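Listing of data.pdb; format and content: PDB, C-alpha atoms, pLDDT in the B column.
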ATOM      1  CA  MET A 386     251.075 -64.188 287.540  1.00 55.00           C
ATOM      2  CA  GLU A 387     254.637 -64.647 288.843  1.00 61.00           C
ATOM      3  CA  ARG A 388     255.830 -61.735 286.693  1.00 67.00           C
ATOM      4  CA  ALA A 389     253.054 -59.506 288.025  1.00 69.00           C
ATOM      5  CA  GLU A 390     254.095 -60.331 291.583  1.00 70.00           C
ATOM      6  CA  THR A 391     257.732 -59.491 290.841  1.00 80.00           C
ATOM      7  CA  LYS A 392     256.625 -56.215 289.335  1.00 79.00           C
ATOM      8  CA  THR A 393     254.499 -55.409 292.390  1.00 81.00           C
ATOM      9  CA  GLU A 394     257.414 -56.204 294.717  1.00 82.00           C
ATOM     10  CA  TYR A 395     259.642 -53.917 292.675  1.00 81.00           C
ATOM     11  CA  ILE A 396     257.096 -51.102 292.870  1.00 79.00           C
ATOM     12  CA  VAL A 397     256.688 -51.540 296.640  1.00 79.00           C
ATOM     13  CA  ARG A 398     260.487 -51.438 297.036  1.00 80.00           C
ATOM     14  CA  ALA A 399     260.789 -48.374 294.790  1.00 76.00           C
ATOM     15  CA  LYS A 400     258.088 -46.551 296.760  1.00 70.00           C
ATOM     16  CA  ALA A 401     259.837 -47.360 300.054  1.00 71.00           C
ATOM     17  CA  LEU A 402     263.100 -45.966 298.655  1.00 74.00           C
ATOM     18  CA  LEU A 403     261.319 -42.841 297.481  1.00 66.00           C
ATOM     19  CA  ARG A 404     259.755 -42.355 300.912  1.00 63.00           C
ATOM     20  CA  ALA A 405     263.160 -42.630 302.570  1.00 66.00           C
ATOM     21  CA  ASP A 406     264.448 -40.104 300.042  1.00 64.00           C
ATOM     22  CA  LEU A 407     261.861 -37.574 301.186  1.00 59.00           C
ATOM     23  CA  ARG A 408     263.585 -36.867 304.496  1.00 61.00           C
ATOM     24  CA  ALA A 409     265.732 -33.749 304.922  1.00 67.00           C
ATOM     25  CA  LYS A 410     264.941 -32.265 301.536  1.00 83.00           C
ATOM     26  CA  SER A 411     264.106 -28.723 300.520  1.00 91.00           C
ATOM     27  CA  TRP A 412     260.493 -27.967 299.596  1.00 92.00           C
ATOM     28  CA  PRO A 413     261.133 -28.111 295.811  1.00 94.00           C
ATOM     29  CA  GLU A 414     263.062 -31.358 296.263  1.00 92.00           C
ATOM     30  CA  LYS A 415     260.167 -32.821 298.241  1.00 91.00           C
ATOM     31  CA  VAL A 416     257.706 -31.722 295.543  1.00 92.00           C
ATOM     32  CA  ARG A 417     259.824 -33.378 292.848  1.00 91.00           C
ATOM     33  CA  ALA A 418     259.936 -36.541 294.971  1.00 87.00           C
ATOM     34  CA  ILE A 419     256.139 -36.474 295.309  1.00 89.00           C
ATOM     35  CA  GLU A 420     255.911 -36.114 291.511  1.00 90.00           C
ATOM     36  CA  ARG A 421     258.109 -39.224 291.124  1.00 89.00           C
ATOM     37  CA  MET A 422     255.969 -41.054 293.692  1.00 86.00           C
ATOM     38  CA  ASN A 423     252.842 -40.163 291.740  1.00 88.00           C
ATOM     39  CA  GLU A 424     254.456 -41.515 288.572  1.00 88.00           C
ATOM     40  CA  VAL A 425     255.263 -44.782 290.356  1.00 87.00           C
ATOM     41  CA  SER A 426     251.673 -44.998 291.615  1.00 85.00           C
ATOM     42  CA  LYS A 427     250.381 -44.450 288.110  1.00 85.00           C
ATOM     43  CA  ILE A 428     252.581 -47.297 286.812  1.00 88.00           C
ATOM     44  CA  ALA A 429     251.490 -49.509 289.713  1.00 87.00           C
ATOM     45  CA  ARG A 430     247.811 -48.846 289.027  1.00 86.00           C
ATOM     46  CA  ALA A 431     248.248 -49.587 285.324  1.00 87.00           C
ATOM     47  CA  SER A 432     250.161 -52.801 286.120  1.00 87.00           C
ATOM     48  CA  MET A 433     247.509 -53.978 288.567  1.00 86.00           C
ATOM     49  CA  LYS A 434     244.776 -53.204 286.056  1.00 86.00           C
ATOM     50  CA  ALA A 435     246.603 -55.124 283.328  1.00 87.00           C
ATOM     51  CA  ALA A 436     247.225 -58.054 285.681  1.00 87.00           C
ATOM     52  CA  ARG A 437     243.539 -58.136 286.679  1.00 86.00           C
ATOM     53  CA  ALA A 438     242.432 -57.952 283.044  1.00 86.00           C
ATOM     54  CA  LYS A 439     244.811 -60.781 282.158  1.00 84.00           C
ATOM     55  CA  ALA A 440     243.633 -62.900 285.096  1.00 85.00           C
ATOM     56  CA  SER A 441     239.959 -62.427 284.305  1.00 83.00           C
ATOM     57  CA  GLY A 442     240.585 -63.146 280.601  1.00 77.00           C
ATOM     58  CA  SER A 443     242.416 -66.412 281.181  1.00 57.00           C
TER      59      SER A 443
ATOM     60  CA  MET B1235     254.489 -26.734 290.462  1.00 90.00           C
ATOM     61  CA  GLN B1236     256.116 -23.530 289.192  1.00 93.00           C
ATOM     62  CA  ASP B1237     253.331 -23.137 286.619  1.00 94.00           C
ATOM     63  CA  VAL B1238     250.710 -23.437 289.363  1.00 96.00           C
ATOM     64  CA  LEU B1239     252.383 -20.779 291.491  1.00 97.00           C
ATOM     65  CA  ARG B1240     252.938 -18.431 288.532  1.00 96.00           C
ATOM     66  CA  ALA B1241     249.252 -18.730 287.626  1.00 96.00           C
ATOM     67  CA  LEU B1242     248.165 -18.019 291.210  1.00 97.00           C
ATOM     68  CA  ASN B1243     250.476 -15.002 291.394  1.00 97.00           C
ATOM     69  CA  GLN B1244     249.031 -13.708 288.139  1.00 96.00           C
ATOM     70  CA  LEU B1245     245.533 -13.996 289.614  1.00 95.00           C
ATOM     71  CA  VAL B1246     246.657 -11.790 292.494  1.00 95.00           C
ATOM     72  CA  ASP B1247     248.400  -9.315 290.157  1.00 95.00           C
ATOM     73  CA  ALA B1248     245.258  -9.087 288.013  1.00 94.00           C
ATOM     74  CA  ARG B1249     243.173  -8.666 291.191  1.00 92.00           C
ATOM     75  CA  VAL B1250     241.038 -11.687 290.374  1.00 92.00           C
ATOM     76  CA  ILE B1251     241.807 -12.793 293.912  1.00 92.00           C
ATOM     77  CA  GLU B1252     243.013 -10.721 296.823  1.00 93.00           C
ATOM     78  CA  ALA B1253     245.446 -13.283 298.209  1.00 95.00           C
ATOM     79  CA  TYR B1254     246.055 -17.011 298.358  1.00 96.00           C
ATOM     80  CA  ALA B1255     248.023 -19.484 300.431  1.00 98.00           C
ATOM     81  CA  ILE B1256     249.083 -23.071 299.867  1.00 97.00           C
ATOM     82  CA  GLY B1257     247.690 -25.558 302.363  1.00 96.00           C
ATOM     83  CA  GLY B1258     247.009 -29.281 302.518  1.00 95.00           C
ATOM     84  CA  ALA B1259     249.713 -31.874 302.003  1.00 94.00           C
ATOM     85  CA  MET B1260     251.692 -29.622 299.667  1.00 95.00           C
ATOM     86  CA  GLY B1261     251.765 -26.831 302.250  1.00 96.00           C
ATOM     87  CA  ALA B1262     252.687 -29.308 304.973  1.00 95.00           C
ATOM     88  CA  ALA B1263     255.598 -30.538 302.835  1.00 94.00           C
ATOM     89  CA  PHE B1264     257.222 -27.143 303.361  1.00 94.00           C
ATOM     90  CA  TYR B1265     257.721 -28.091 307.030  1.00 94.00           C
ATOM     91  CA  ILE B1266     257.575 -31.874 307.430  1.00 92.00           C
ATOM     92  CA  ASP B1267     258.451 -35.004 305.466  1.00 86.00           C
ATOM     93  CA  ALA B1268     256.522 -35.060 302.242  1.00 81.00           C
ATOM     94  CA  VAL B1269     253.594 -37.412 301.912  1.00 84.00           C
ATOM     95  CA  GLN B1270     252.039 -38.426 298.656  1.00 86.00           C
ATOM     96  CA  THR B1271     249.437 -36.065 297.275  1.00 91.00           C
ATOM     97  CA  GLU B1272     247.988 -35.693 293.833  1.00 89.00           C
ATOM     98  CA  ASP B1273     246.911 -32.055 293.933  1.00 93.00           C
ATOM     99  CA  VAL B1274     247.813 -28.586 295.130  1.00 96.00           C
ATOM    100  CA  ASP B1275     245.334 -26.914 297.486  1.00 96.00           C
ATOM    101  CA  ALA B1276     245.272 -23.128 297.215  1.00 96.00           C
ATOM    102  CA  PHE B1277     243.008 -21.324 299.664  1.00 96.00           C
ATOM    103  CA  THR B1278     241.679 -17.905 298.795  1.00 94.00           C
ATOM    104  CA  TYR B1279     239.097 -15.371 299.860  1.00 90.00           C
ATOM    105  CA  PHE B1280     236.191 -16.001 297.517  1.00 80.00           C
ATOM    106  CA  PRO B1281     234.429 -13.154 295.747  1.00 65.00           C
ATOM    107  CA  GLN B1282     230.678 -13.178 296.287  1.00 62.00           C
ATOM    108  CA  ALA B1283     228.207 -12.987 293.422  1.00 60.00           C
ATOM    109  CA  SER B1284     225.340 -10.502 293.590  1.00 63.00           C
ATOM    110  CA  SER B1285     223.118 -13.430 294.613  1.00 65.00           C
ATOM    111  CA  GLY B1286     225.237 -13.801 297.745  1.00 67.00           C
ATOM    112  CA  LEU B1287     226.560 -17.178 296.602  1.00 70.00           C
ATOM    113  CA  LEU B1288     230.264 -17.886 296.252  1.00 73.00           C
ATOM    114  CA  ASP B1289     231.271 -17.155 292.684  1.00 76.00           C
ATOM    115  CA  LEU B1290     234.060 -19.356 291.329  1.00 82.00           C
ATOM    116  CA  SER B1291     233.671 -18.447 287.679  1.00 85.00           C
ATOM    117  CA  PRO B1292     236.066 -15.443 287.518  1.00 89.00           C
ATOM    118  CA  ILE B1293     238.829 -17.517 289.116  1.00 92.00           C
ATOM    119  CA  TYR B1294     238.320 -20.543 286.867  1.00 92.00           C
ATOM    120  CA  SER B1295     238.028 -18.393 283.730  1.00 93.00           C
ATOM    121  CA  ALA B1296     241.277 -16.619 284.580  1.00 95.00           C
ATOM    122  CA  LEU B1297     243.073 -19.913 285.278  1.00 95.00           C
ATOM    123  CA  LEU B1298     241.891 -21.374 281.963  1.00 96.00           C
ATOM    124  CA  ALA B1299     243.032 -18.200 280.159  1.00 95.00           C
ATOM    125  CA  LEU B1300     246.464 -18.750 281.719  1.00 95.00           C
ATOM    126  CA  GLY B1301     246.719 -22.198 280.107  1.00 94.00           C
ATOM    127  CA  GLY B1302     245.147 -24.393 282.771  1.00 95.00           C
ATOM    128  CA  LYS B1303     243.067 -27.406 281.719  1.00 95.00           C
ATOM    129  CA  LEU B1304     239.817 -28.097 283.509  1.00 93.00           C
ATOM    130  CA  GLU B1305     239.651 -31.571 285.104  1.00 91.00           C
ATOM    131  CA  ARG B1306     236.606 -32.121 287.323  1.00 89.00           C
ATOM    132  CA  GLU B1307     236.983 -29.618 290.197  1.00 89.00           C
ATOM    133  CA  TYR B1308     240.662 -29.043 289.374  1.00 94.00           C
ATOM    134  CA  VAL B1309     242.569 -26.892 286.910  1.00 96.00           C
ATOM    135  CA  ARG B1310     245.667 -28.727 285.762  1.00 95.00           C
ATOM    136  CA  PHE B1311     248.990 -27.005 285.109  1.00 95.00           C
ATOM    137  CA  GLY B1312     251.548 -29.570 283.914  1.00 91.00           C
ATOM    138  CA  ALA B1313     251.875 -32.392 286.441  1.00 88.00           C
ATOM    139  CA  TRP B1314     249.731 -30.697 289.065  1.00 94.00           C
ATOM    140  CA  PRO B1315     245.965 -30.351 289.373  1.00 95.00           C
ATOM    141  CA  LEU B1316     245.193 -27.172 291.305  1.00 96.00           C
ATOM    142  CA  GLN B1317     242.183 -27.007 293.588  1.00 95.00           C
ATOM    143  CA  ILE B1318     240.919 -23.596 294.600  1.00 94.00           C
ATOM    144  CA  LEU B1319     239.315 -23.685 298.036  1.00 93.00           C
ATOM    145  CA  PRO B1320     237.326 -20.968 299.787  1.00 90.00           C
ATOM    146  CA  ASP B1321     237.859 -19.294 303.140  1.00 91.00           C
ATOM    147  CA  SER B1322     234.979 -21.383 304.393  1.00 87.00           C
ATOM    148  CA  THR B1323     235.655 -20.923 308.112  1.00 91.00           C
ATOM    149  CA  PRO B1324     237.128 -18.205 310.339  1.00 94.00           C
ATOM    150  CA  LEU B1325     240.109 -20.523 310.844  1.00 96.00           C
ATOM    151  CA  VAL B1326     240.844 -20.660 307.105  1.00 96.00           C
ATOM    152  CA  SER B1327     240.398 -16.880 306.756  1.00 95.00           C
ATOM    153  CA  GLU B1328     242.928 -16.339 309.516  1.00 96.00           C
ATOM    154  CA  ALA B1329     245.290 -18.893 307.952  1.00 97.00           C
ATOM    155  CA  ILE B1330     245.232 -17.034 304.622  1.00 97.00           C
ATOM    156  CA  ARG B1331     245.789 -13.708 306.370  1.00 97.00           C
ATOM    157  CA  ASP B1332     248.747 -14.971 308.436  1.00 97.00           C
ATOM    158  CA  ALA B1333     250.367 -17.197 305.788  1.00 97.00           C
ATOM    159  CA  ARG B1334     254.137 -17.160 305.527  1.00 97.00           C
ATOM    160  CA  ALA B1335     255.762 -15.583 302.466  1.00 97.00           C
ATOM    161  CA  VAL B1336     258.240 -18.059 300.959  1.00 97.00           C
ATOM    162  CA  GLU B1337     259.810 -18.883 297.617  1.00 96.00           C
ATOM    163  CA  PHE B1338     259.614 -21.986 295.474  1.00 95.00           C
ATOM    164  CA  GLU B1339     262.652 -22.005 293.187  1.00 94.00           C
ATOM    165  CA  GLY B1340     262.629 -18.217 293.021  1.00 94.00           C
ATOM    166  CA  ILE B1341     258.849 -17.882 292.662  1.00 96.00           C
ATOM    167  CA  PRO B1342     257.248 -15.998 295.557  1.00 97.00           C
ATOM    168  CA  THR B1343     254.318 -17.702 297.187  1.00 97.00           C
ATOM    169  CA  ARG B1344     252.620 -18.073 300.560  1.00 98.00           C
ATOM    170  CA  VAL B1345     252.233 -21.160 302.758  1.00 98.00           C
ATOM    171  CA  PHE B1346     250.019 -21.625 305.794  1.00 98.00           C
ATOM    172  CA  MET B1347     251.787 -21.434 309.147  1.00 98.00           C
ATOM    173  CA  PRO B1348     252.291 -24.874 310.766  1.00 97.00           C
ATOM    174  CA  GLU B1349     249.815 -24.117 313.576  1.00 98.00           C
ATOM    175  CA  HIS B1350     247.113 -23.276 311.017  1.00 98.00           C
ATOM    176  CA  LEU B1351     247.916 -26.379 308.934  1.00 97.00           C
ATOM    177  CA  CYS B1352     247.495 -28.490 312.081  1.00 97.00           C
ATOM    178  CA  CYS B1353     244.255 -26.813 313.171  1.00 97.00           C
ATOM    179  CA  ILE B1354     242.739 -27.123 309.683  1.00 97.00           C
ATOM    180  CA  ALA B1355     243.739 -30.807 309.675  1.00 96.00           C
ATOM    181  CA  LEU B1356     242.099 -31.239 313.099  1.00 96.00           C
ATOM    182  CA  GLN B1357     238.975 -29.481 311.832  1.00 95.00           C
ATOM    183  CA  THR B1358     238.829 -31.738 308.741  1.00 93.00           C
ATOM    184  CA  GLY B1359     239.340 -34.678 311.062  1.00 93.00           C
ATOM    185  CA  ARG B1360     239.999 -37.631 308.740  1.00 93.00           C
ATOM    186  CA  ALA B1361     242.517 -40.321 309.785  1.00 92.00           C
ATOM    187  CA  LYS B1362     245.106 -38.901 307.380  1.00 91.00           C
ATOM    188  CA  ASP B1363     244.615 -35.428 308.858  1.00 93.00           C
ATOM    189  CA  PHE B1364     245.338 -36.686 312.381  1.00 94.00           C
ATOM    190  CA  LEU B1365     248.390 -38.454 310.953  1.00 93.00           C
ATOM    191  CA  ARG B1366     249.596 -35.129 309.530  1.00 93.00           C
ATOM    192  CA  VAL B1367     249.241 -33.431 312.924  1.00 95.00           C
ATOM    193  CA  GLN B1368     251.162 -36.325 314.490  1.00 94.00           C
ATOM    194  CA  MET B1369     253.961 -35.773 311.967  1.00 92.00           C
ATOM    195  CA  PHE B1370     254.161 -32.073 312.876  1.00 94.00           C
ATOM    196  CA  LEU B1371     254.322 -32.976 316.573  1.00 94.00           C
ATOM    197  CA  GLU B1372     256.821 -35.807 316.179  1.00 90.00           C
ATOM    198  CA  GLN B1373     259.098 -33.794 313.899  1.00 89.00           C
ATOM    199  CA  GLY B1374     258.974 -30.759 316.203  1.00 90.00           C
ATOM    200  CA  GLN B1375     257.798 -28.497 313.387  1.00 92.00           C
ATOM    201  CA  VAL B1376     255.048 -26.724 315.297  1.00 94.00           C
ATOM    202  CA  ASP B1377     255.009 -24.389 318.286  1.00 96.00           C
ATOM    203  CA  LEU B1378     253.063 -26.648 320.644  1.00 95.00           C
ATOM    204  CA  ALA B1379     252.015 -23.906 323.076  1.00 97.00           C
ATOM    205  CA  GLY B1380     250.830 -21.741 320.178  1.00 97.00           C
ATOM    206  CA  LEU B1381     249.025 -24.697 318.613  1.00 97.00           C
ATOM    207  CA  ARG B1382     247.250 -25.469 321.900  1.00 97.00           C
ATOM    208  CA  ARG B1383     246.097 -21.859 322.228  1.00 97.00           C
ATOM    209  CA  MET B1384     244.894 -21.775 318.618  1.00 97.00           C
ATOM    210  CA  ALA B1385     243.111 -25.135 318.916  1.00 97.00           C
ATOM    211  CA  GLU B1386     241.289 -23.895 322.048  1.00 97.00           C
ATOM    212  CA  ARG B1387     240.330 -20.661 320.296  1.00 97.00           C
ATOM    213  CA  PHE B1388     238.710 -22.597 317.423  1.00 97.00           C
ATOM    214  CA  GLY B1389     237.064 -25.263 319.600  1.00 96.00           C
ATOM    215  CA  LEU B1390     239.528 -27.958 318.542  1.00 96.00           C
ATOM    216  CA  GLY B1391     241.115 -28.583 321.941  1.00 95.00           C
ATOM    217  CA  ASP B1392     239.675 -32.088 322.307  1.00 95.00           C
ATOM    218  CA  ARG B1393     240.884 -33.093 318.883  1.00 96.00           C
ATOM    219  CA  LEU B1394     244.385 -31.823 319.614  1.00 96.00           C
ATOM    220  CA  VAL B1395     244.423 -33.811 322.869  1.00 95.00           C
ATOM    221  CA  LYS B1396     243.547 -36.895 320.792  1.00 93.00           C
ATOM    222  CA  ALA B1397     246.297 -36.140 318.234  1.00 92.00           C
ATOM    223  CA  GLU B1398     248.836 -35.594 321.021  1.00 92.00           C
ATOM    224  CA  ALA B1399     247.802 -38.872 322.658  1.00 91.00           C
ATOM    225  CA  LEU B1400     248.240 -40.679 319.336  1.00 86.00           C
ATOM    226  CA  SER B1401     251.624 -39.026 318.923  1.00 84.00           C
ATOM    227  CA  ASN B1402     252.688 -40.079 322.426  1.00 81.00           C
ATOM    228  CA  GLY B1403     251.360 -43.585 321.871  1.00 77.00           C
ATOM    229  CA  THR B1404     248.924 -43.264 324.765  1.00 63.00           C
ATOM    230  CA  SER B1405     245.767 -43.812 322.740  1.00 57.00           C
TER     231      SER B1405
END

Can you present the structure in this file as C-alpha cells?
Amino acid sequence: MERAETKTEYIVRAKALLRADLRAKSWPEKVRAIERMNEVSKIARASMKAARAKASGS
Amino acid sequence: MQDVLRALNQLVDARVIEAYAIGGAMGAAFYIDAVQTEDVDAFTYFPQASSGLLDLSPIYSALLALGGKLEREYVRFGAWPLQILPDSTPLVSEAIRDARAVEFEGIPTRVFMPEHLCCIALQTGRAKDFLRVQMFLEQGQVDLAGLRRMAERFGLGDRLVKAEALSNGTS
C-alpha cells in the first residue's frame, strides 16, 4: 500500500513537471510532450489497476 | 504525429478528401500551452453517398490502405489515434476553409485559426472547452475583437461572455 502511494506521488510529480515543460515550446515539442504525458498516464492507470487488484485480493 | 499528417496529405493528393484541418486540443496546441489529449481531430468536408447520408467508408478504406489500424471510431497511426470529423455545422465548414497552412517538422498541414478553435469550443460547450477558450484569452493568442464578431455571427455571443467572465474571474 505504502509503495503504491509513493508511486502515485512520483507520477503526480512527474506529470506536474511535464506540464511545466509544456510552456514556450514549438508545436512539435508540445506534441512530443503530450505523447510523454500520455505514456505517464498509461503507467499511472496500470499502477492504479494493479494496486486495486492487489488490495481486493488481500 | 508525422504519420497522421502524411496520411491526411495523401488523402488530399488522392482526392479522397478535398481538404482537412487539425482542430481540437492538438490544433489548439499550435497556439497555446499544450493540454493532454489522446487523439488527433481532423475535420474534413464529407463526401455524400447517393442515399444522401454522410459516407465515411472511402476515407476509412484509404486510411487503412495507408497502414492505419482501426480502433473503434479512430484510425491509429503509431502513437496517435486519428478521428475524422465532418463539417457538421457552417462554423466548421468555414473553419476548414480558412484554416492556416503550417508545417509540422517539414510536413505541410493546416490548423484551424484561433478564433475558429474558440468558437467551436464554445459551440461544443463542455467544461474543458470553456477552459480552452479561457487559455486562449489569458495567453493573448486570439484576436478578441475578431472572436467577438465571429461568436455573434454564429449565435455564440452569450457563451463568449461567459468564457470572458470566467477568464476575468468575474463569474

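Considering the residues B:Arg1393, B:Ala1241, B:Arg1306, B:Val1250 and counting only C-alpha atoms, Arg1360 (chain B) has its shortest atom-to-atom contact with B:Arg1393.
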
Residues near region 1346-1355 of chain B, cut-off 10 Å, only C-alpha atoms, skip fewer than 6 positions along chain, as a PyMOL selection string: chain B and resi 1254-1259+1261-1262+1264-1266+1276-1277+1323+1325-1326+1328-1335+1361-1371+1375-1386+1388-1391+1393-1394+1397

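Among the candidates A:Arg437, A:Ala429, A:Ser411, A:Gly442, the residue lying nearest to chain B is A:Ser411 (atoms considered: only C-alpha atoms).
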
Write out as a PDB file with C-alpha atoms, in the coordinates of the input each polymer residue whose atoms come within 8 Å of Tyr1279 (chain B), counting all atoms listed in the file; drop sequence neighbours fewer than 2 positions from it.
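Dumped to around-v9.pdb:
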ATOM      1  CA  ILE B1251     241.807 -12.793 293.912  1.00 92.00           C
ATOM      2  CA  GLU B1252     243.013 -10.721 296.823  1.00 93.00           C
ATOM      3  CA  ALA B1253     245.446 -13.283 298.209  1.00 95.00           C
ATOM      4  CA  TYR B1254     246.055 -17.011 298.358  1.00 96.00           C
ATOM      5  CA  PHE B1277     243.008 -21.324 299.664  1.00 96.00           C
ATOM      6  CA  PRO B1281     234.429 -13.154 295.747  1.00 65.00           C
ATOM      7  CA  PRO B1320     237.326 -20.968 299.787  1.00 90.00           C
ATOM      8  CA  ASP B1321     237.859 -19.294 303.140  1.00 91.00           C
ATOM      9  CA  SER B1327     240.398 -16.880 306.756  1.00 95.00           C
ATOM     10  CA  ILE B1330     245.232 -17.034 304.622  1.00 97.00           C
TER      11      ILE B1330
END

Residue list for chain B near chain A as number ranges by chain, 10 Å, only C-alpha atoms: B: 1235-1236, 1260-1272, 1313-1314, 1337-1339

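Of note, CA of Val425 (chain A) and CA of Leu1297 (chain B) are spaced 28.2 Å apart.
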
Edge lengths and centre in Å to one decimal, as JSON, of the axis-aligned box that encloses all listed atoms of region 1395-1398 of chain B with 8 Å added on every side?
{"center_x": 246.2, "center_y": -35.4, "center_z": 320.6, "size_x": 21.3, "size_y": 19.1, "size_z": 20.6}

If we count only C-alpha atoms, what is near Leu1304 (chain B) at a cut-off of 10 Å, once residues fewer than 5 positions away on the same chain are taken out, given as a PDB file with C-alpha atoms, in the coordinates of the input?
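out25.pdb written:
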ATOM      1  CA  TYR B1294     238.320 -20.543 286.867  1.00 92.00           C
ATOM      2  CA  SER B1295     238.028 -18.393 283.730  1.00 93.00           C
ATOM      3  CA  LEU B1297     243.073 -19.913 285.278  1.00 95.00           C
ATOM      4  CA  LEU B1298     241.891 -21.374 281.963  1.00 96.00           C
ATOM      5  CA  VAL B1309     242.569 -26.892 286.910  1.00 96.00           C
ATOM      6  CA  ARG B1310     245.667 -28.727 285.762  1.00 95.00           C
ATOM      7  CA  PHE B1311     248.990 -27.005 285.109  1.00 95.00           C
ATOM      8  CA  PRO B1315     245.965 -30.351 289.373  1.00 95.00           C
ATOM      9  CA  LEU B1316     245.193 -27.172 291.305  1.00 96.00           C
TER      10      LEU B1316
END

Residues in the PyMOL selection byres ((chain A and resi 396) around 12), expressed as a ChimeraX atom specification: /A:389-395,397-403,422-433
